[in-house]
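This report concerns only the one structure given below.
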Amino acid sequence: MTDPDSGTLEMPEPTGGPGWYDLGPVETLAGRALREVRIGRVRLALTYSDGTFGAISGVCNHVGGPLGEGRLDGDYVVCPWHQYKFHCRTGEGEPGFEKDAVPRFTLKEEGGHLWVDLASATPRSKLHHPPHPLERKLEREPGPIRVAGVSTTVMDPKNPRYSTSEALLECALEHARAGLAAETRLIRLSDLSFRNCEGYYSKSAHACTWPCSITQMDPLDQMAEVYEAAVHWGDVILVATPIRWGSASALYYKMVERMNCVQNQVTIANRVLIRNKVASFIITGGQDNVQAVAGQMLTFFSEIGCQFPQFPFIAHSRGWSAEDMEHNIDYVMKSAELREGAQSLVARAVDAAQLLLEHEAAPHVVARGGRKAHALALEGG
């Protein structure tokens, strides 16, 4: 049976075991350059180009993407998940990666029909790729508490301006370093070059990988600095954001959309990447809506595995009626109480992180009942 939209051809399991199998009329199959063929549990990517058919495995070598649902680029089938390429007739990888090959199958035309020999599959050979540095074992190195500060203010480095949220973040980091003997790291998202999330999870849950598919494919993608700090290096993640139209900054959302791959590991593999880590937040702005901004931040960082100290954020806003940014900046620059609040916030976060490290409270895996994207099994059902 063929799905007219996807071009997928589904057939029952061969009753006589592997061997020649009738795919259907040649005239019909030649009407599509690439289609997926499913014969029982076997998936093929069937191509027709320049009057010639080709059949290779429909399972990509990378993370099992459906090659038959991709596209044909010259003689190469392009995986729809992460754009790996395989020759449509030989199964070999693109030039330079020929040894990264998927099985190919023998075809014949007979009686106006196209036949495939399932028993003719060549061996699958995967070219060894060194693991990405972020794929290393999750293991905290000995040393003092480490605080990763993330500023999400959008900034033109050639024409810098005063950022109230970043100023309080720097105050907190200085106190963590000088007053709490913690190691600190400041990440300014505006200094990093990283792509937006490109929706791999929308293609398939398993297409969203760890590390992020973009980070794996693009060595220039600097989101790796955030992943390194949040997953491997930091014990405290201190995020600062301005309020923009009642929400966190655009850079904040760009970051957390890319961090969704961390949460998706819990969803698809029950693998907790962030353990015994504390998150806290600094929120400032000329507009109000502090509670909504904090609520989103608390929800997201709790879902990737973070825990929180008592009173996990500080905030300052002049409000809707007093949207006077000059005075807002003046308040932050000259308020000893706000600086003290930032110092107290990071102290609470460091104390909480120390307790977590001493007691190893966070689980490696979590019970799936009630979690996102988990189908419930009913007793007696």
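Ligands are numbered from 1 in the order shown, chains are lettered A, B, ... in the order of the structure tokens, and residues start at 1 in each chain.
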
Considering only C-alpha atoms, return as number ranges by chain whatever protein or nucleic-acid residues lie within 12 Å of stretch 210-216 of chain A, sequence-local ones (same chain, fewer than 6 positions apart) excluded. A: 62-63, 81-84, 129-136, 193-201, 222-228, 231, 255, 257-266, 268-269, 271-273

Can you spit out the residues from that selection as an mmCIF file, in the first residue's frame, using C-alpha atoms?
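And here's result-v6.cif as it stands now:
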```
data_model
loop_
_atom_site.group_PDB
_atom_site.id
_atom_site.type_symbol
_atom_site.label_atom_id
_atom_site.label_comp_id
_atom_site.auth_asym_id
_atom_site.auth_seq_id
_atom_site.Cartn_x
_atom_site.Cartn_y
_atom_site.Cartn_z
ATOM 1 C CA HIS A 62 24.296 8.349 11.824
ATOM 2 C CA VAL A 63 21.318 7.923 14.163
ATOM 3 C CA TRP A 81 17.433 14.363 9.745
ATOM 4 C CA HIS A 82 21.048 15.542 9.581
ATOM 5 C CA GLN A 83 21.902 15.693 5.837
ATOM 6 C CA TYR A 84 24.262 12.720 5.691
ATOM 7 C CA HIS A 129 33.999 9.409 13.877
ATOM 8 C CA PRO A 130 35.754 10.619 17.025
ATOM 9 C CA PRO A 131 33.153 11.536 19.641
ATOM 10 C CA HIS A 132 32.365 15.190 20.163
ATOM 11 C CA PRO A 133 34.110 16.554 23.275
ATOM 12 C CA LEU A 134 30.713 17.185 24.867
ATOM 13 C CA GLU A 135 29.924 13.461 24.661
ATOM 14 C CA ARG A 136 32.447 12.621 27.354
ATOM 15 C CA SER A 193 27.931 33.046 17.185
ATOM 16 C CA PHE A 194 25.356 30.270 17.288
ATOM 17 C CA ARG A 195 22.454 29.233 15.119
ATOM 18 C CA ASN A 196 18.810 29.122 16.089
ATOM 19 C CA CYS A 197 17.225 25.774 16.866
ATOM 20 C CA GLU A 198 16.305 24.246 13.515
ATOM 21 C CA GLY A 199 13.557 21.960 14.745
ATOM 22 C CA TYR A 200 15.184 18.532 14.551
ATOM 23 C CA TYR A 201 12.822 17.357 17.292
ATOM 24 C CA GLN A 222 29.576 28.452 19.703
ATOM 25 C CA MET A 223 26.562 27.144 21.599
ATOM 26 C CA ALA A 224 29.063 24.508 22.701
ATOM 27 C CA GLU A 225 30.343 27.022 25.276
ATOM 28 C CA VAL A 226 26.932 27.117 26.948
ATOM 29 C CA TYR A 227 26.590 23.325 26.869
ATOM 30 C CA GLU A 228 30.066 22.892 28.348
ATOM 31 C CA VAL A 231 26.382 20.258 31.630
ATOM 32 C CA MET A 255 19.608 29.814 24.033
ATOM 33 C CA GLU A 257 15.503 26.499 22.487
ATOM 34 C CA ARG A 258 18.946 25.104 21.726
ATOM 35 C CA MET A 259 19.202 23.727 25.289
ATOM 36 C CA ASN A 260 16.043 21.720 24.668
ATOM 37 C CA CYS A 261 18.296 18.877 23.485
ATOM 38 C CA VAL A 262 19.337 18.482 27.148
ATOM 39 C CA GLN A 263 15.728 18.040 28.235
ATOM 40 C CA ASN A 264 14.986 15.776 25.283
ATOM 41 C CA GLN A 265 17.600 13.302 26.502
ATOM 42 C CA VAL A 266 15.404 12.784 29.551
ATOM 43 C CA ILE A 268 13.755 9.933 24.733
ATOM 44 C CA ALA A 269 16.492 8.139 26.685
ATOM 45 C CA ARG A 271 19.180 10.171 30.577
ATOM 46 C CA VAL A 272 19.708 13.002 33.050
ATOM 47 C CA LEU A 273 22.579 15.221 31.857
#
```

Give me, as a list in words, all polymer residues having an atom no more than 7 Å from stretch 232-237 of chain A, counting only C-alpha atoms and skipping those fewer than 2 positions away in the same chain. Leu138, Arg140, Ile145, Arg146, Val147, Ala148, Gly149, Glu228, Ala229, Ala230, Val239, Lys277, Val278, Ala279, Ser280, Ala349, Val350 and Ala353 of chain A

Cut-off 12 Å: closest stretch 233-346 of chain A/stretch 151-163 of chain A atom pairs per residue, using only C-alpha atoms, as JSON lines:
```
{"residue": "A:Ile237", "atom": "CA", "partner": "A:Ser151", "partner_atom": "CA", "distance": 10.8}
{"residue": "A:Leu238", "atom": "CA", "partner": "A:Ser151", "partner_atom": "CA", "distance": 8.6}
{"residue": "A:Val239", "atom": "CA", "partner": "A:Ser151", "partner_atom": "CA", "distance": 6.2}
{"residue": "A:Ala240", "atom": "CA", "partner": "A:Ser151", "partner_atom": "CA", "distance": 5.0}
{"residue": "A:Thr241", "atom": "CA", "partner": "A:Thr152", "partner_atom": "CA", "distance": 5.3}
{"residue": "A:Pro242", "atom": "CA", "partner": "A:Thr153", "partner_atom": "CA", "distance": 6.4}
{"residue": "A:Ile243", "atom": "CA", "partner": "A:Thr153", "partner_atom": "CA", "distance": 9.6}
{"residue": "A:Arg244", "atom": "CA", "partner": "A:Thr153", "partner_atom": "CA", "distance": 10.1}
{"residue": "A:Ala248", "atom": "CA", "partner": "A:Thr152", "partner_atom": "CA", "distance": 8.5}
{"residue": "A:Ser249", "atom": "CA", "partner": "A:Thr152", "partner_atom": "CA", "distance": 6.5}
{"residue": "A:Ala250", "atom": "CA", "partner": "A:Val154", "partner_atom": "CA", "distance": 7.9}
{"residue": "A:Leu251", "atom": "CA", "partner": "A:Thr152", "partner_atom": "CA", "distance": 5.4}
{"residue": "A:Tyr252", "atom": "CA", "partner": "A:Thr152", "partner_atom": "CA", "distance": 5.2}
{"residue": "A:Tyr253", "atom": "CA", "partner": "A:Thr152", "partner_atom": "CA", "distance": 8.9}
{"residue": "A:Lys254", "atom": "CA", "partner": "A:Thr152", "partner_atom": "CA", "distance": 9.4}
{"residue": "A:Met255", "atom": "CA", "partner": "A:Thr152", "partner_atom": "CA", "distance": 8.5}
{"residue": "A:Val256", "atom": "CA", "partner": "A:Thr152", "partner_atom": "CA", "distance": 10.6}
{"residue": "A:Phe281", "atom": "CA", "partner": "A:Ser151", "partner_atom": "CA", "distance": 10.2}
{"residue": "A:Ile282", "atom": "CA", "partner": "A:Ser151", "partner_atom": "CA", "distance": 9.4}
{"residue": "A:Ile283", "atom": "CA", "partner": "A:Thr152", "partner_atom": "CA", "distance": 10.4}
{"residue": "A:Thr284", "atom": "CA", "partner": "A:Ser163", "partner_atom": "CA", "distance": 9.2}
{"residue": "A:Gly285", "atom": "CA", "partner": "A:Ser163", "partner_atom": "CA", "distance": 9.5}
{"residue": "A:Gly286", "atom": "CA", "partner": "A:Ser163", "partner_atom": "CA", "distance": 11.5}
{"residue": "A:Met325", "atom": "CA", "partner": "A:Ser163", "partner_atom": "CA", "distance": 10.7}
{"residue": "A:Glu326", "atom": "CA", "partner": "A:Tyr162", "partner_atom": "CA", "distance": 10.4}
{"residue": "A:Asn328", "atom": "CA", "partner": "A:Ser163", "partner_atom": "CA", "distance": 10.4}
{"residue": "A:Ile329", "atom": "CA", "partner": "A:Tyr162", "partner_atom": "CA", "distance": 7.6}
{"residue": "A:Asp330", "atom": "CA", "partner": "A:Tyr162", "partner_atom": "CA", "distance": 10.3}
{"residue": "A:Val332", "atom": "CA", "partner": "A:Ser163", "partner_atom": "CA", "distance": 9.4}
{"residue": "A:Met333", "atom": "CA", "partner": "A:Tyr162", "partner_atom": "CA", "distance": 9.3}
```

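The spacing separating atom CA of A:Thr184 from atom CA of A:Cys171 amounts to 11.7 Å.
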
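Distances from A:Leu345, A:Gly246, A:Gly58, A:Lys334 to A:Gln296 were compared using only C-alpha atoms, and the smallest one belongs to A:Gly246.
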
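Minimum distance to A:Val366 across A:Ile314, A:Val290, A:Arg275, A:Ala172 (counting only C-alpha atoms) occurs at A:Arg275.
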
Apply DSSP to the structure's backbone, then extract all residues of stretch 129-347 of chain A labelled alpha helix (DSSP H) and return them as number ranges by chain. A: 164-178, 200-203, 213-217, 224-227, 250-269, 290-303, 325-334, 336-347

Would you save the residues of that selection, restricted to C-alpha atoms, as a PDB file, in the first residue's frame?
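Contents of out-v8.pdb, freshly written:
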```pdb
ATOM      1  CA  THR A 164      21.294  46.528  34.286  1.00  0.00           C
ATOM      2  CA  SER A 165      20.910  42.738  34.329  1.00  0.00           C
ATOM      3  CA  GLU A 166      24.520  42.146  33.273  1.00  0.00           C
ATOM      4  CA  ALA A 167      25.797  44.660  35.817  1.00  0.00           C
ATOM      5  CA  LEU A 168      24.089  42.810  38.657  1.00  0.00           C
ATOM      6  CA  LEU A 169      25.340  39.503  37.235  1.00  0.00           C
ATOM      7  CA  GLU A 170      28.921  40.799  37.258  1.00  0.00           C
ATOM      8  CA  CYS A 171      28.410  41.965  40.854  1.00  0.00           C
ATOM      9  CA  ALA A 172      27.220  38.475  41.819  1.00  0.00           C
ATOM     10  CA  LEU A 173      30.141  36.770  40.071  1.00  0.00           C
ATOM     11  CA  GLU A 174      32.664  39.086  41.714  1.00  0.00           C
ATOM     12  CA  HIS A 175      31.209  38.232  45.125  1.00  0.00           C
ATOM     13  CA  ALA A 176      31.267  34.504  44.313  1.00  0.00           C
ATOM     14  CA  ARG A 177      34.934  34.779  43.321  1.00  0.00           C
ATOM     15  CA  ALA A 178      36.225  37.147  45.995  1.00  0.00           C
ATOM     16  CA  TYR A 200      15.184  18.532  14.551  1.00  0.00           C
ATOM     17  CA  TYR A 201      12.822  17.357  17.292  1.00  0.00           C
ATOM     18  CA  SER A 202       9.942  18.256  14.973  1.00  0.00           C
ATOM     19  CA  LYS A 203      11.263  15.759  12.425  1.00  0.00           C
ATOM     20  CA  SER A 213      22.790  18.168  15.957  1.00  0.00           C
ATOM     21  CA  ILE A 214      23.859  21.665  14.896  1.00  0.00           C
ATOM     22  CA  THR A 215      26.840  21.605  17.270  1.00  0.00           C
ATOM     23  CA  GLN A 216      27.910  18.222  15.919  1.00  0.00           C
ATOM     24  CA  MET A 217      27.731  19.328  12.295  1.00  0.00           C
ATOM     25  CA  ALA A 224      29.063  24.508  22.701  1.00  0.00           C
ATOM     26  CA  GLU A 225      30.343  27.022  25.276  1.00  0.00           C
ATOM     27  CA  VAL A 226      26.932  27.117  26.948  1.00  0.00           C
ATOM     28  CA  TYR A 227      26.590  23.325  26.869  1.00  0.00           C
ATOM     29  CA  ALA A 250      15.271  37.163  22.514  1.00  0.00           C
ATOM     30  CA  LEU A 251      18.782  35.800  23.132  1.00  0.00           C
ATOM     31  CA  TYR A 252      17.530  33.972  26.226  1.00  0.00           C
ATOM     32  CA  TYR A 253      14.887  32.174  24.158  1.00  0.00           C
ATOM     33  CA  LYS A 254      17.392  31.454  21.399  1.00  0.00           C
ATOM     34  CA  MET A 255      19.608  29.814  24.033  1.00  0.00           C
ATOM     35  CA  VAL A 256      16.948  27.743  25.776  1.00  0.00           C
ATOM     36  CA  GLU A 257      15.503  26.499  22.487  1.00  0.00           C
ATOM     37  CA  ARG A 258      18.946  25.104  21.726  1.00  0.00           C
ATOM     38  CA  MET A 259      19.202  23.727  25.289  1.00  0.00           C
ATOM     39  CA  ASN A 260      16.043  21.720  24.668  1.00  0.00           C
ATOM     40  CA  CYS A 261      18.296  18.877  23.485  1.00  0.00           C
ATOM     41  CA  VAL A 262      19.337  18.482  27.148  1.00  0.00           C
ATOM     42  CA  GLN A 263      15.728  18.040  28.235  1.00  0.00           C
ATOM     43  CA  ASN A 264      14.986  15.776  25.283  1.00  0.00           C
ATOM     44  CA  GLN A 265      17.600  13.302  26.502  1.00  0.00           C
ATOM     45  CA  VAL A 266      15.404  12.784  29.551  1.00  0.00           C
ATOM     46  CA  THR A 267      12.350  12.366  27.304  1.00  0.00           C
ATOM     47  CA  ILE A 268      13.755   9.933  24.733  1.00  0.00           C
ATOM     48  CA  ALA A 269      16.492   8.139  26.685  1.00  0.00           C
ATOM     49  CA  VAL A 290       8.678  39.842  36.532  1.00  0.00           C
ATOM     50  CA  GLN A 291       6.559  36.910  37.723  1.00  0.00           C
ATOM     51  CA  ALA A 292       5.869  35.664  34.197  1.00  0.00           C
ATOM     52  CA  VAL A 293       9.526  35.926  33.167  1.00  0.00           C
ATOM     53  CA  ALA A 294      10.652  34.141  36.334  1.00  0.00           C
ATOM     54  CA  GLY A 295       7.951  31.495  35.915  1.00  0.00           C
ATOM     55  CA  GLN A 296       9.172  30.501  32.452  1.00  0.00           C
ATOM     56  CA  MET A 297      12.786  30.423  33.576  1.00  0.00           C
ATOM     57  CA  LEU A 298      12.020  28.344  36.640  1.00  0.00           C
ATOM     58  CA  THR A 299       9.959  25.897  34.606  1.00  0.00           C
ATOM     59  CA  PHE A 300      12.547  25.422  31.876  1.00  0.00           C
ATOM     60  CA  PHE A 301      15.551  25.003  34.151  1.00  0.00           C
ATOM     61  CA  SER A 302      13.659  22.637  36.433  1.00  0.00           C
ATOM     62  CA  GLU A 303      12.817  20.509  33.393  1.00  0.00           C
ATOM     63  CA  MET A 325      15.081  53.781  31.181  1.00  0.00           C
ATOM     64  CA  GLU A 326      17.452  56.538  32.308  1.00  0.00           C
ATOM     65  CA  HIS A 327      16.031  56.346  35.826  1.00  0.00           C
ATOM     66  CA  ASN A 328      15.974  52.541  35.669  1.00  0.00           C
ATOM     67  CA  ILE A 329      19.706  52.496  34.923  1.00  0.00           C
ATOM     68  CA  ASP A 330      20.318  55.100  37.630  1.00  0.00           C
ATOM     69  CA  TYR A 331      18.537  52.940  40.201  1.00  0.00           C
ATOM     70  CA  VAL A 332      20.672  49.893  39.416  1.00  0.00           C
ATOM     71  CA  MET A 333      23.936  51.831  39.229  1.00  0.00           C
ATOM     72  CA  LYS A 334      23.379  53.588  42.549  1.00  0.00           C
ATOM     73  CA  ALA A 336      23.553  49.289  47.201  1.00  0.00           C
ATOM     74  CA  GLU A 337      20.524  47.180  48.061  1.00  0.00           C
ATOM     75  CA  LEU A 338      20.325  45.678  44.561  1.00  0.00           C
ATOM     76  CA  ARG A 339      24.031  44.850  44.619  1.00  0.00           C
ATOM     77  CA  GLU A 340      23.577  43.284  48.033  1.00  0.00           C
ATOM     78  CA  GLY A 341      20.632  41.318  46.667  1.00  0.00           C
ATOM     79  CA  ALA A 342      22.771  39.968  43.814  1.00  0.00           C
ATOM     80  CA  GLN A 343      25.488  38.936  46.267  1.00  0.00           C
ATOM     81  CA  SER A 344      22.978  37.240  48.547  1.00  0.00           C
ATOM     82  CA  LEU A 345      21.406  35.421  45.579  1.00  0.00           C
ATOM     83  CA  VAL A 346      24.701  33.875  44.478  1.00  0.00           C
ATOM     84  CA  ALA A 347      25.539  32.999  48.098  1.00  0.00           C
TER      85      ALA A 347
END
```

Atom pair atom CA of A:Pro309 / atom CA of A:Arg185: separation (Å):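 Computing the Euclidean distance for atom CA of A:Pro309 and atom CA of A:Arg185 yields 19.8 Å.
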
Given the choices A:Ala101, A:Ala33, A:Arg43, A:Ile187, which gets closest to A:Gly74 if the distance is worked out from only C-alpha atoms?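 Once distances to A:Gly74 are computed over only C-alpha atoms, the minimum belongs to A:Ala33.
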
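Interatomic distance, atom CA of A:Leu355 against atom CA of A:Gly370: 27.3 Å.
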
6 Å contact set for stretch 112-127 of chain A, only C-alpha atoms, chain neighbours under 4 positions out, as a ChimeraX atom specification: /A:18-26,99-108

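Nearest to A:Gly91 of all the residues A:Asn61, A:His364, A:Glu69, A:His128 is A:Asn61, based on only C-alpha atoms.
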